[in-house]
Structures are given as C-alpha cells and as structure tokens.
$ cat my_file_15.txt   # compact mmCIF, C-alpha atoms
# COMPACT_ATOMS: atom_id res chain seq x y z
CA GLY A 1 0.00 0.00 0.00
CA ASN A 2 0.73 3.64 0.19
CA THR A 3 1.40 3.82 3.94
CA THR A 4 3.24 6.86 5.31
CA TRP A 5 6.32 5.74 7.24
CA THR A 6 7.47 7.67 10.30
CA ASN A 7 11.01 7.42 11.58
CA PRO A 8 10.75 4.89 14.46
CA ALA A 9 13.62 6.60 16.30
CA THR A 10 11.31 9.55 16.98
CA LEU A 11 8.48 7.44 18.40
CA SER A 12 7.99 6.07 21.87
CA VAL A 13 5.37 4.52 24.12
CA GLY A 14 4.49 8.02 25.33
CA LEU A 15 2.82 9.30 22.15
CA PHE A 16 2.83 6.41 19.71
CA ASP A 17 4.54 3.07 19.98
CA SER A 18 6.12 2.15 16.65
CA LEU A 19 6.64 -1.55 17.43
CA PRO A 20 3.13 -2.75 16.48
CA LEU A 21 3.56 -1.10 13.07
CA LEU A 22 7.01 -2.62 12.65
CA TYR A 23 5.75 -6.09 13.63
CA GLU A 24 2.88 -5.76 11.16
CA ARG A 25 5.29 -4.72 8.40
CA LEU A 26 7.42 -7.79 9.17
CA GLY A 27 4.38 -10.05 8.96
CA ALA A 28 4.67 -10.95 12.65
CA ARG A 29 1.88 -11.92 15.04
CA THR A 30 2.05 -10.03 18.35
CA LEU A 31 2.17 -12.34 21.39
CA TYR A 32 2.18 -9.67 24.13
CA THR A 33 2.31 -5.89 24.31
CA ARG A 34 3.10 -5.11 27.96
CA ILE A 35 4.05 -7.12 31.01
CA ALA A 36 2.88 -6.28 34.53
CA MET A 37 6.33 -5.78 36.03
CA ARG A 38 8.66 -2.96 37.00
CA PRO A 39 10.94 -1.93 35.54
CA GLY A 40 10.43 -3.13 32.01
CA ALA A 41 6.65 -3.13 31.53
CA ALA A 42 7.02 -1.50 28.11
CA THR A 43 8.01 -4.59 26.15
CA MET A 44 6.56 -6.50 23.23
CA GLY A 45 7.00 -9.92 21.72
CA ALA A 46 5.97 -11.40 18.42
CA VAL A 47 6.46 -14.44 16.24
CA ARG A 48 6.94 -14.54 12.50
CA LYS A 49 6.67 -17.60 10.32
CA LYS A 50 8.72 -17.39 7.16
CA ASP A 51 11.01 -20.28 6.27
CA LYS A 52 11.08 -21.12 9.95
CA GLN A 53 9.58 -19.62 13.08
CA GLN A 54 11.29 -16.41 14.27
CA PHE A 55 10.75 -14.71 17.60
CA ILE A 56 10.96 -10.92 17.81
CA PHE A 57 11.52 -9.14 21.13
CA GLY A 58 10.88 -5.44 21.62
CA LEU A 59 12.66 -4.45 24.82
CA SER A 60 12.05 -1.42 26.99
CA GLY A 61 13.62 1.84 25.84
CA ASN A 62 15.26 2.40 29.23
CA PRO A 63 18.68 0.71 29.35
CA ALA A 64 18.42 -0.94 32.78
CA ALA A 65 14.85 -2.07 32.08
CA ALA A 66 15.92 -3.43 28.66
CA TYR A 67 18.70 -5.42 30.31
CA GLN A 68 16.18 -6.81 32.76
CA ASN A 69 13.79 -7.71 29.87
CA TRP A 70 16.71 -9.55 28.26
CA LEU A 71 17.45 -11.47 31.47
CA LEU A 72 13.85 -12.42 32.29
CA ILE A 73 12.22 -12.86 28.88
CA THR A 74 14.61 -13.08 25.94
CA LYS A 75 17.43 -15.21 27.37
CA PRO A 76 15.12 -17.96 28.72
CA VAL A 77 13.34 -18.23 25.35
CA ILE A 78 16.65 -18.47 23.47
CA ARG A 79 17.85 -21.18 25.88
CA MET A 80 14.58 -23.10 25.42
CA LEU A 81 14.97 -22.90 21.63
CA GLN A 82 18.49 -24.29 22.03
CA GLY A 83 17.00 -27.28 23.86
CA LEU A 84 18.52 -26.34 27.23
CA LYS A 85 16.27 -27.43 30.08
CA GLU A 86 18.09 -26.30 33.22
CA PRO A 87 17.04 -22.96 34.75
CA CYS A 88 18.79 -19.84 33.52
CA TYR A 89 19.63 -18.63 36.98
CA ASP A 90 20.44 -20.10 40.35
CA SER A 91 18.27 -18.96 43.22
CA VAL A 92 19.83 -18.23 46.59
CA GLU A 93 18.43 -17.15 49.94
CA ALA A 94 20.09 -13.94 51.06
CA GLU A 95 19.84 -11.42 53.85
CA LEU A 96 18.65 -7.97 52.72
CA THR A 97 21.26 -5.43 53.82
CA THR A 98 19.09 -2.29 53.64
CA ASP A 99 15.44 -1.36 53.97
CA PHE A 100 13.48 -1.44 50.72
CA ASN A 101 10.38 0.70 51.19
CA LYS A 102 8.81 0.76 47.72
CA LYS A 103 5.33 -0.72 47.41
CA SER A 104 4.81 -3.03 44.47
CA PRO A 105 1.46 -2.75 42.69
CA VAL A 106 2.91 -5.20 40.10
CA ASP A 107 5.78 -7.68 40.29
CA ARG A 108 8.96 -5.65 40.86
CA TYR A 109 12.45 -6.86 40.12
CA VAL A 110 15.14 -5.13 42.14
CA GLN A 111 18.62 -5.14 40.68
CA GLY A 112 21.45 -5.48 43.12
CA ILE A 113 24.54 -7.28 44.30
CA VAL A 114 24.90 -10.59 46.13
CA ARG A 115 28.03 -10.85 48.26
CA TYR A 116 29.08 -13.61 50.59
CA VAL A 117 30.13 -12.64 54.09
CA GLU A 118 31.38 -15.48 56.28
CA GLY A 119 29.73 -17.93 53.87
CA LYS A 120 26.29 -16.28 54.02
CA ALA A 121 24.68 -14.51 51.07
CA GLN A 122 23.76 -10.85 51.45
CA PHE A 123 21.75 -8.84 48.90
CA THR A 124 22.17 -5.09 48.51
CA PRO A 125 19.75 -3.31 46.13
CA SER A 126 21.27 -0.94 43.59
CA GLU A 127 21.13 2.64 44.77
CA GLN A 128 19.75 3.79 41.41
CA LEU A 129 16.42 2.00 40.97
CA SER A 130 14.89 3.66 37.92
CA GLY A 131 14.60 1.79 34.62
CA SER A 132 16.91 4.30 32.97
CA ALA A 133 19.73 4.03 35.52
CA VAL A 134 22.72 2.33 33.98
CA ILE A 135 25.01 3.14 36.88
CA GLY A 136 25.85 -0.09 38.57
CA LEU A 137 24.71 -2.43 35.78
CA HIS A 138 28.30 -3.59 35.38
CA GLN A 139 28.33 -4.62 39.07
CA MET A 140 24.76 -5.95 39.31
CA ASN A 141 24.78 -9.74 39.67
CA ALA A 142 21.33 -10.55 41.07
CA LEU A 143 17.63 -9.76 40.95
CA LEU A 144 15.20 -9.78 43.84
CA LYS A 145 11.58 -10.42 42.87
CA LEU A 146 9.03 -8.56 44.99
CA PRO A 147 5.59 -9.98 44.17
CA LYS A 148 2.60 -7.81 43.37
CA GLY A 149 1.15 -6.33 46.54
CA SER A 150 4.43 -6.25 48.49
CA GLU A 151 4.64 -3.44 51.01
CA GLY A 152 8.44 -3.33 51.18
CA LEU A 153 11.04 -5.13 53.26
CA SER A 154 13.24 -4.35 56.24
CA ALA A 155 16.98 -4.82 56.45
CA GLY A 156 17.69 -8.28 57.81
CA SER A 157 14.79 -9.92 55.96
CA MET A 158 15.62 -13.17 54.22
CA VAL A 159 14.83 -13.00 50.51
CA GLN A 160 15.17 -15.25 47.45
CA VAL A 161 17.31 -13.69 44.73
CA TYR A 162 18.27 -14.86 41.25
CA LYS A 163 21.99 -14.80 40.54
CA VAL A 164 22.28 -13.54 36.97
CA LYS A 165 26.06 -13.49 36.51
$ encode --input "my_file_15.txt" --output "structure tokens"
Amino acid sequence: GNTTWTNPATLSVGLFDSLPLLYERLGARTLYTRIAMRPGAATMGAVRKKDKQQFIFGLSGNPAAAYQNWLLITKPVIRMLQGLKEPCYDSVEAELTTDFNKKSPVDRYVQGIVRYVEGKAQFTPSEQLSGSAVIGLHQMNALLKLPKGSEGLSAGSMVQVYKVK
C-alpha cells in the first residue's frame, strides 16, 4: 500500500509506539504488548513464520529495564529454543542489607549485588532503581523479585534472589 512511514527513532510509548507497526510490516503476530512488572513493563514480543519460526523481542527503551527484559524474557526463550532445560539462573536465599520501602502494585524486580560474608549470602539493592539508571549495571549480579502487593522489606529480611552473573 501507500502507507506513510514515520522514523521509528522519533516514536515512543508516550505518544505512539512504533513496534506494532514494525511487527505488522514484518508479517509478525504479536504475542504480548506489555508485562505487569517494573521496571520493564514496556516490552513486546511477536512471532513470524517465514522459512522457519522467528521470535521478535521489543525491549524497553530504558537501558536498565531493557537489560532486565533480556534477562527475564529473551534469554530464557533463546535457551529453550536451544534445547537447554536447566534454569537460567540459580536462586539463593540472602539477607537484605538495607530497607526497601517501595510498594509493588505489580511484580517488581530489584537489581542489586549478592556478596558472601562469612559464607552467608547478602543482597544489597542498587542505589539507582529507575529503569533508565545504567550506573551499577556492570556490578549488578542478582535480581530480587518482589511480588505484586508487596509493602516493602526491612533490612535483615531473608529473601530469594536470582543470581544472573
């Protein structure tokens, strides 16, 4: 057809999300458009059948949230397609080193660092917790999942974290 094409670099979720249009142009079927999690809710996934099935992942525009989308969505799918059955990440029980007072209306994944002190795991949340904060991503080695409805946690709480590096 005679469709007007807008530069996707100028578009965002705020005014107009260009990914549905791009997926349509690629002949892909959208599987999901948002995920109830923070950070990283603004993500999309699609599948396209050409010679073989292709998965397309649209990650969040914020760097830290995009990395988290990669860890939680994209990497597990790629491993599954490779026939790998073991979990992507080891889970470990760790002591929370600081208070975490954010309420979680949706599942929240907190990036941070697991360290071992006298053989016991301790988890320290990253100081920068926005989806656009890239400071500390090079040190981050674990994610803490706070389920929907969480009211926050106190220092000393025992938590399950996923070691991602």
$ residues_around --input "my_file_15.txt" --residues "region 47-56 of chain A" --least-positions-apart "4" --cutoff "9 Å" --atoms "all atoms listed in the file" --output "number ranges by chain"
A: 23, 26-31, 77
$ atom_distance --input "my_file_15.txt" --atom1 "CA of Gly83 (chain A)" --atom2 "CA of Val164 (chain A)"
19.7 Å
$ residues_around --input "my_file_15.txt" --residues "Tyr109 (chain A)" --least-positions-apart "3" --cutoff "7 Å" --atoms "only C-alpha atoms" --output "count of residues only"
6
$ atom_distance --input "my_file_15.txt" --atom1 "CA of Met140 (chain A)" --atom2 "CA of Ala155 (chain A)"
18.9 Å
$ residues_near_point --input "my_file_15.txt" --point "(10.3, -0.1, 50.4)" --cutoff "12 Å" --atoms "all atoms listed in the file" --output "list in words"
Leu96, Thr98, Asp99, Phe100, Asn101, Lys102, Lys103, Ser104, Arg108, Val110, Pro125, Leu129, Leu146, Gly149, Ser150, Glu151, Gly152, Leu153, Ser154 and Ala155 of chain A
$ atom_distance --input "my_file_15.txt" --atom1 "CA of Met158 (chain A)" --atom2 "CA of Glu127 (chain A)"
19.2 Å
$ axis_aligned_box --input "my_file_15.txt" --around "region 68-79 of chain A" --padding-each-side "4 Å" --output "AutoDock Vina command-line options"
--center_x 15.0 --center_y -14.0 --center_z 28.1 --size_x 13.6 --size_y 22.4 --size_z 17.3
$ closest_residue --input "my_file_15.txt" --among "A:Leu19, A:Thr124, A:Gln139, A:Arg25" --to "Gly156 (chain A)" --atoms "only C-alpha atoms"
A:Thr124
$ closest_residue --input "my_file_15.txt" --among "A:Asp107, A:Ala64, A:Tyr32, A:Arg115" --to "Pro147 (chain A)" --atoms "all atoms listed in the file"
A:Asp107
$ residues_around --input "my_file_15.txt" --residues "Cys88 (chain A)" --least-positions-apart "2" --cutoff "10 Å" --atoms "all atoms listed in the file" --output "list in words"
Leu71, Leu72, Lys75, Pro76, Val77, Arg79, Met80, Leu84, Lys85, Glu86, Asp90, Ser91, Tyr162, Lys163 and Val164 of chain A
